[in-house]
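Data block below; observations after.
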Amino acid sequence: MRIVLGVGGGIAAYKVASLLRLFTEAGHDVTVIPTEASTRFVGTATWEALSGNPVSNSVFDDVHQVNHVRLGHEADLIVIAPATADLLAKAATGQAGDLLTNTLLMARGPVLFAPAMHTEMWQHPATQANVETLRSRGSAVLEPASGRLTGADSGPGRLPEPDAIFDAAMALVDGQADFQLPLAGRIVTISAGGTREPLDPVRFLGNRSSGKQGVALAVAARNAGATVRLLAAHMDVPPPSGVEVVPVETALQLREAALAAAADSDVVIMSAAVADFRPAAVSDTKIKKRDDRDDPVITLVRNPDILHELVERRNSAAPGGRQQLIVGFAAETGDSDGDVLAHARAKLQRKGCDLLVVNHVGTDKVFGQDTNSVVILARSGSEPQEASGTKTEVSAAVISRIGHELNSVSPRA
Ligand code: C5P
């Protein structure tokens, strides 16, 4: 197979030497086209030596061969790694300033982008819009891996491992992979808002959850191609368009709706603030203030832990529990027993979910606000991932992580 390997100007270019090796060892004929910037990280001599083919990124070399036409037409596959924010932007807007971008415009076969950049650049709406454009035109854009980036930062933005890019490229050529959108074909159930536990026909015990985070998650999951069910407890914001809304009031109603929706969901995200307790008795009539009686005492009983139950049901349906991804949220404060992360890790263990999105809360933080700062903990033990910004940005990070988890595990039916 003839492969064009476009190398973008990012530090991850050094890992692409291993990818090139995988291609050549599998018997493919690879022409490397490095961008000008990428040659500051890895020189053309490396690409020439490893590929055994001449290397250039100029449309003015070997003009008689009209290289951009020839390479674009002849390539059975084009792989861009690392696909920098700049290259994604150039590809999305059809720029043609060098041999690589010209070749992309001439491509007849499949094109795979393997992005690598800092998390902020990846999550920037401009980059996300470019990715969406490329996917809508049929190119495959991998989700970047999560973890340590070049500096002290970590998060989504690492170049996927060469093996993963190689596998994705082969699957793409075989027509097996659907990289159009990371959650295409997935059913995602999301609970949002705060439950209300009635005391009588007019009163309830509630909480401060606004539903903004859950709604932002629903939008991000919808935009990632998922079929979204929003189990909406009390919310201060309207539900988004394009998602199925199941209104619920109490924790018991949410439990029923969540267990029913989970039956055919690929992902369940419990972002609702579920009341841990409910009044033991609900009065049919308004509880009256009476001077001739003692003040009423409200007895509370514990609500079921829906998240924990979802995990138990999932695990008993499929031993090992890998068929469905379950994500919990935790609003934590540190105390004398441990800091926020210590409490969150213990909660992850207790609940048994796959990912736990941890908020640090105070009365002025998180609830009702438009911004958020979270840490995503994984049961698999991979490094905690931080995400902060608007609830939209945090949701994009959570959904991107979910897409990565789903797509890096075996494909789900
Ligand atoms: O135990 P805690 O309430 O801190 O856990 C928070 C997580 O558990 C959230 O994902 C929340 O939606 C879920 N939860 C639940 N059922 C409860 C209480 C919390 O599913 N009764």
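Naming scheme: A, B, ... for chains in displayed order of the structure tokens; residues 1 onward per chain; ligands 1 onward as shown.
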Next on the checklist: List as an NGL selection string the protein and nucleic acid residues lying within 7 Å of ligand 1, with only C-alpha atoms and all ligand atoms counted.
Outcome noted: :A and (251 or 270-276 or 303-308 or 327-331)
For the residues in the current selection, export N, CA and C atoms as a short mmCIF file (atom, residue, chain, number, x, y, z; two decimals), in the first residue's frame.
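Below you can see result.cif, which holds the result:
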data_model
loop_
_atom_site.label_atom_id
_atom_site.label_comp_id
_atom_site.auth_asym_id
_atom_site.auth_seq_id
_atom_site.Cartn_x
_atom_site.Cartn_y
_atom_site.Cartn_z
N ALA A 251 -35.51 11.11 44.01
CA ALA A 251 -34.43 10.13 43.83
C ALA A 251 -35.01 8.78 43.38
N MET A 270 -23.86 9.97 35.78
CA MET A 270 -24.71 10.45 36.88
C MET A 270 -24.19 11.79 37.35
N SER A 271 -24.68 12.86 36.69
CA SER A 271 -24.23 14.18 37.14
C SER A 271 -25.27 14.85 38.02
N ALA A 272 -26.42 14.21 38.20
CA ALA A 272 -27.45 14.81 39.05
C ALA A 272 -27.01 14.81 40.51
N ALA A 273 -27.47 15.82 41.23
CA ALA A 273 -27.27 15.83 42.68
C ALA A 273 -28.47 15.10 43.28
N VAL A 274 -28.22 13.87 43.69
CA VAL A 274 -29.31 13.02 44.19
C VAL A 274 -29.37 13.16 45.70
N ALA A 275 -30.57 13.42 46.22
CA ALA A 275 -30.71 13.55 47.67
C ALA A 275 -30.34 12.23 48.33
N ASP A 276 -29.48 12.28 49.32
CA ASP A 276 -29.11 11.04 50.01
C ASP A 276 -30.24 10.55 50.91
N ASN A 303 -31.94 7.27 50.77
CA ASN A 303 -32.28 6.92 49.38
C ASN A 303 -31.31 5.88 48.87
N PRO A 304 -31.73 5.07 47.89
CA PRO A 304 -30.79 4.13 47.30
C PRO A 304 -29.68 4.89 46.58
N ASP A 305 -28.48 4.30 46.56
CA ASP A 305 -27.38 4.89 45.80
C ASP A 305 -27.50 4.39 44.36
N ILE A 306 -28.00 5.25 43.51
CA ILE A 306 -28.32 4.84 42.13
C ILE A 306 -27.04 4.45 41.38
N LEU A 307 -26.03 5.27 41.55
CA LEU A 307 -24.76 5.02 40.84
C LEU A 307 -24.21 3.64 41.19
N HIS A 308 -24.21 3.35 42.48
CA HIS A 308 -23.68 2.07 42.93
C HIS A 308 -24.52 0.92 42.37
N VAL A 327 -20.13 6.70 34.70
CA VAL A 327 -19.38 7.87 35.16
C VAL A 327 -20.13 8.52 36.31
N GLY A 328 -19.45 8.74 37.42
CA GLY A 328 -20.06 9.43 38.55
C GLY A 328 -19.49 10.82 38.72
N PHE A 329 -20.20 11.63 39.45
CA PHE A 329 -19.71 12.96 39.81
C PHE A 329 -19.58 12.99 41.32
N ALA A 330 -18.63 13.73 41.81
CA ALA A 330 -18.50 13.87 43.26
C ALA A 330 -18.20 15.32 43.60
N ALA A 331 -19.02 15.87 44.45
CA ALA A 331 -18.75 17.21 44.97
C ALA A 331 -18.10 17.00 46.33
#
Next on the checklist: Quick one: residues within 12 Å of A:Gln128, only C-alpha atoms, excluding same-chain residues fewer than 2 positions away - as number ranges by chain?
Outcome noted: A: 85, 88-89, 92, 115, 119-126, 130-135, 141, 143, 181, 220, 223-224, 393, 396-397, 400
Write out, as a short mmCIF file (atom, residue, chain, number, x, y, z; two decimals), in the first residue's frame, the residues just selected, with N, CA, C and O atoms.
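File again.cif, as written:
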data_model
loop_
_atom_site.label_atom_id
_atom_site.label_comp_id
_atom_site.auth_asym_id
_atom_site.auth_seq_id
_atom_site.Cartn_x
_atom_site.Cartn_y
_atom_site.Cartn_z
N ALA A 85 -2.62 21.89 15.78
CA ALA A 85 -3.78 22.78 15.63
C ALA A 85 -3.66 23.52 14.30
O ALA A 85 -4.65 23.71 13.58
N LEU A 88 -4.51 21.14 11.36
CA LEU A 88 -5.96 20.88 11.32
C LEU A 88 -6.68 22.09 10.73
O LEU A 88 -7.59 21.94 9.91
N ALA A 89 -6.23 23.29 11.14
CA ALA A 89 -6.86 24.52 10.63
C ALA A 89 -6.62 24.65 9.13
O ALA A 89 -7.53 24.99 8.36
N ALA A 92 -8.73 22.08 7.34
CA ALA A 92 -10.17 22.37 7.40
C ALA A 92 -10.54 23.52 6.47
O ALA A 92 -11.65 23.58 5.94
N PRO A 115 -4.18 13.87 16.18
CA PRO A 115 -3.82 15.17 16.77
C PRO A 115 -2.89 15.06 17.98
O PRO A 115 -2.91 14.06 18.71
N THR A 119 -3.74 20.72 25.83
CA THR A 119 -5.18 20.53 26.07
C THR A 119 -6.00 21.76 25.68
O THR A 119 -7.04 21.66 25.03
N GLU A 120 -5.49 22.93 26.06
CA GLU A 120 -6.25 24.16 25.78
C GLU A 120 -6.42 24.34 24.28
O GLU A 120 -7.47 24.80 23.80
N MET A 121 -5.38 24.02 23.52
CA MET A 121 -5.46 24.18 22.07
C MET A 121 -6.44 23.18 21.47
O MET A 121 -7.22 23.50 20.57
N TRP A 122 -6.39 21.94 22.00
CA TRP A 122 -7.31 20.91 21.51
C TRP A 122 -8.76 21.28 21.82
O TRP A 122 -9.66 21.12 21.00
N GLN A 123 -8.98 21.80 23.03
CA GLN A 123 -10.36 22.09 23.44
C GLN A 123 -10.85 23.43 22.94
O GLN A 123 -12.02 23.76 23.09
N HIS A 124 -9.96 24.23 22.36
CA HIS A 124 -10.39 25.54 21.88
C HIS A 124 -11.49 25.38 20.83
O HIS A 124 -11.41 24.50 19.97
N PRO A 125 -12.54 26.21 20.93
CA PRO A 125 -13.64 26.06 19.97
C PRO A 125 -13.17 26.11 18.51
O PRO A 125 -13.76 25.45 17.65
N ALA A 126 -12.11 26.87 18.24
CA ALA A 126 -11.63 26.96 16.84
C ALA A 126 -11.13 25.59 16.38
O ALA A 126 -11.48 25.12 15.29
N ASN A 130 -12.75 22.98 13.62
CA ASN A 130 -11.98 22.44 12.49
C ASN A 130 -12.09 20.92 12.45
O ASN A 130 -12.23 20.32 11.39
N VAL A 131 -12.04 20.31 13.63
CA VAL A 131 -12.14 18.84 13.70
C VAL A 131 -13.52 18.41 13.18
O VAL A 131 -13.64 17.46 12.39
N GLU A 132 -14.53 19.14 13.62
CA GLU A 132 -15.90 18.81 13.18
C GLU A 132 -16.01 18.92 11.65
O GLU A 132 -16.61 18.08 11.00
N THR A 133 -15.42 19.99 11.11
CA THR A 133 -15.45 20.19 9.65
C THR A 133 -14.78 19.02 8.94
O THR A 133 -15.32 18.44 7.98
N LEU A 134 -13.60 18.64 9.43
CA LEU A 134 -12.86 17.56 8.76
C LEU A 134 -13.65 16.25 8.84
O LEU A 134 -13.75 15.50 7.86
N ARG A 135 -14.21 15.98 10.03
CA ARG A 135 -15.00 14.75 10.18
C ARG A 135 -16.23 14.78 9.28
O ARG A 135 -16.59 13.76 8.68
N VAL A 141 -10.56 11.69 12.35
CA VAL A 141 -9.72 12.44 13.29
C VAL A 141 -9.76 11.68 14.61
O VAL A 141 -10.81 11.55 15.23
N GLU A 143 -9.23 10.87 18.55
CA GLU A 143 -9.18 11.64 19.78
C GLU A 143 -7.75 11.57 20.29
O GLU A 143 -7.14 10.50 20.28
N LEU A 181 -17.44 10.58 14.31
CA LEU A 181 -17.61 11.30 15.56
C LEU A 181 -17.31 10.32 16.68
O LEU A 181 -17.66 9.14 16.57
N ALA A 220 -22.54 18.31 24.77
CA ALA A 220 -21.25 17.79 24.28
C ALA A 220 -21.41 16.37 23.74
O ALA A 220 -20.83 16.02 22.69
N ASN A 223 -23.21 16.54 20.44
CA ASN A 223 -22.31 17.02 19.38
C ASN A 223 -21.26 15.99 19.01
O ASN A 223 -20.70 16.04 17.91
N ALA A 224 -21.00 15.06 19.92
CA ALA A 224 -20.02 14.00 19.62
C ALA A 224 -20.70 12.84 18.89
O ALA A 224 -20.08 11.80 18.66
N GLU A 393 -16.70 23.77 28.48
CA GLU A 393 -15.34 23.26 28.24
C GLU A 393 -15.06 22.01 29.07
O GLU A 393 -14.47 21.04 28.58
N ALA A 396 -16.79 19.15 27.48
CA ALA A 396 -16.09 18.67 26.29
C ALA A 396 -14.94 17.75 26.71
O ALA A 396 -14.71 16.71 26.09
N ALA A 397 -14.25 18.13 27.79
CA ALA A 397 -13.12 17.30 28.27
C ALA A 397 -13.64 15.95 28.77
O ALA A 397 -13.05 14.90 28.49
N SER A 400 -14.83 13.92 25.77
CA SER A 400 -13.67 13.48 24.99
C SER A 400 -12.99 12.31 25.69
O SER A 400 -12.59 11.32 25.06
#
Item to check | Long-range neighbours of stretch 209-216 of chain A as a ChimeraX atom specification, 10 Å cut-off, only C-alpha atoms, 3 positions minimum in chain | outcome: /A:190-195,206,219-222,230-240,243,269-274,366-372,390-396
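If you measure from each of A:Leu100, A:Ala114, A:Leu355, A:Ala91 to A:Gly157 using only C-alpha atoms, the closest one turns out to be A:Ala114.
Here atom CA of A:Val282 is placed at a distance of 14.9 Å from atom CA of A:Gln253.
Looking only at stretch 306-390 of chain A, the set that DSSP places in alpha helix (DSSP H) from backbone geometry is Ile306, Leu307, His308, Glu309, Leu310, Val311, Glu312, Arg313, Arg314, Asn315, Ser316, Ala317, Val340, Leu341, Ala342, His343, Ala344, Arg345, Ala346, Lys347, Leu348, Gln349, Arg350 and Lys351 of chain A.
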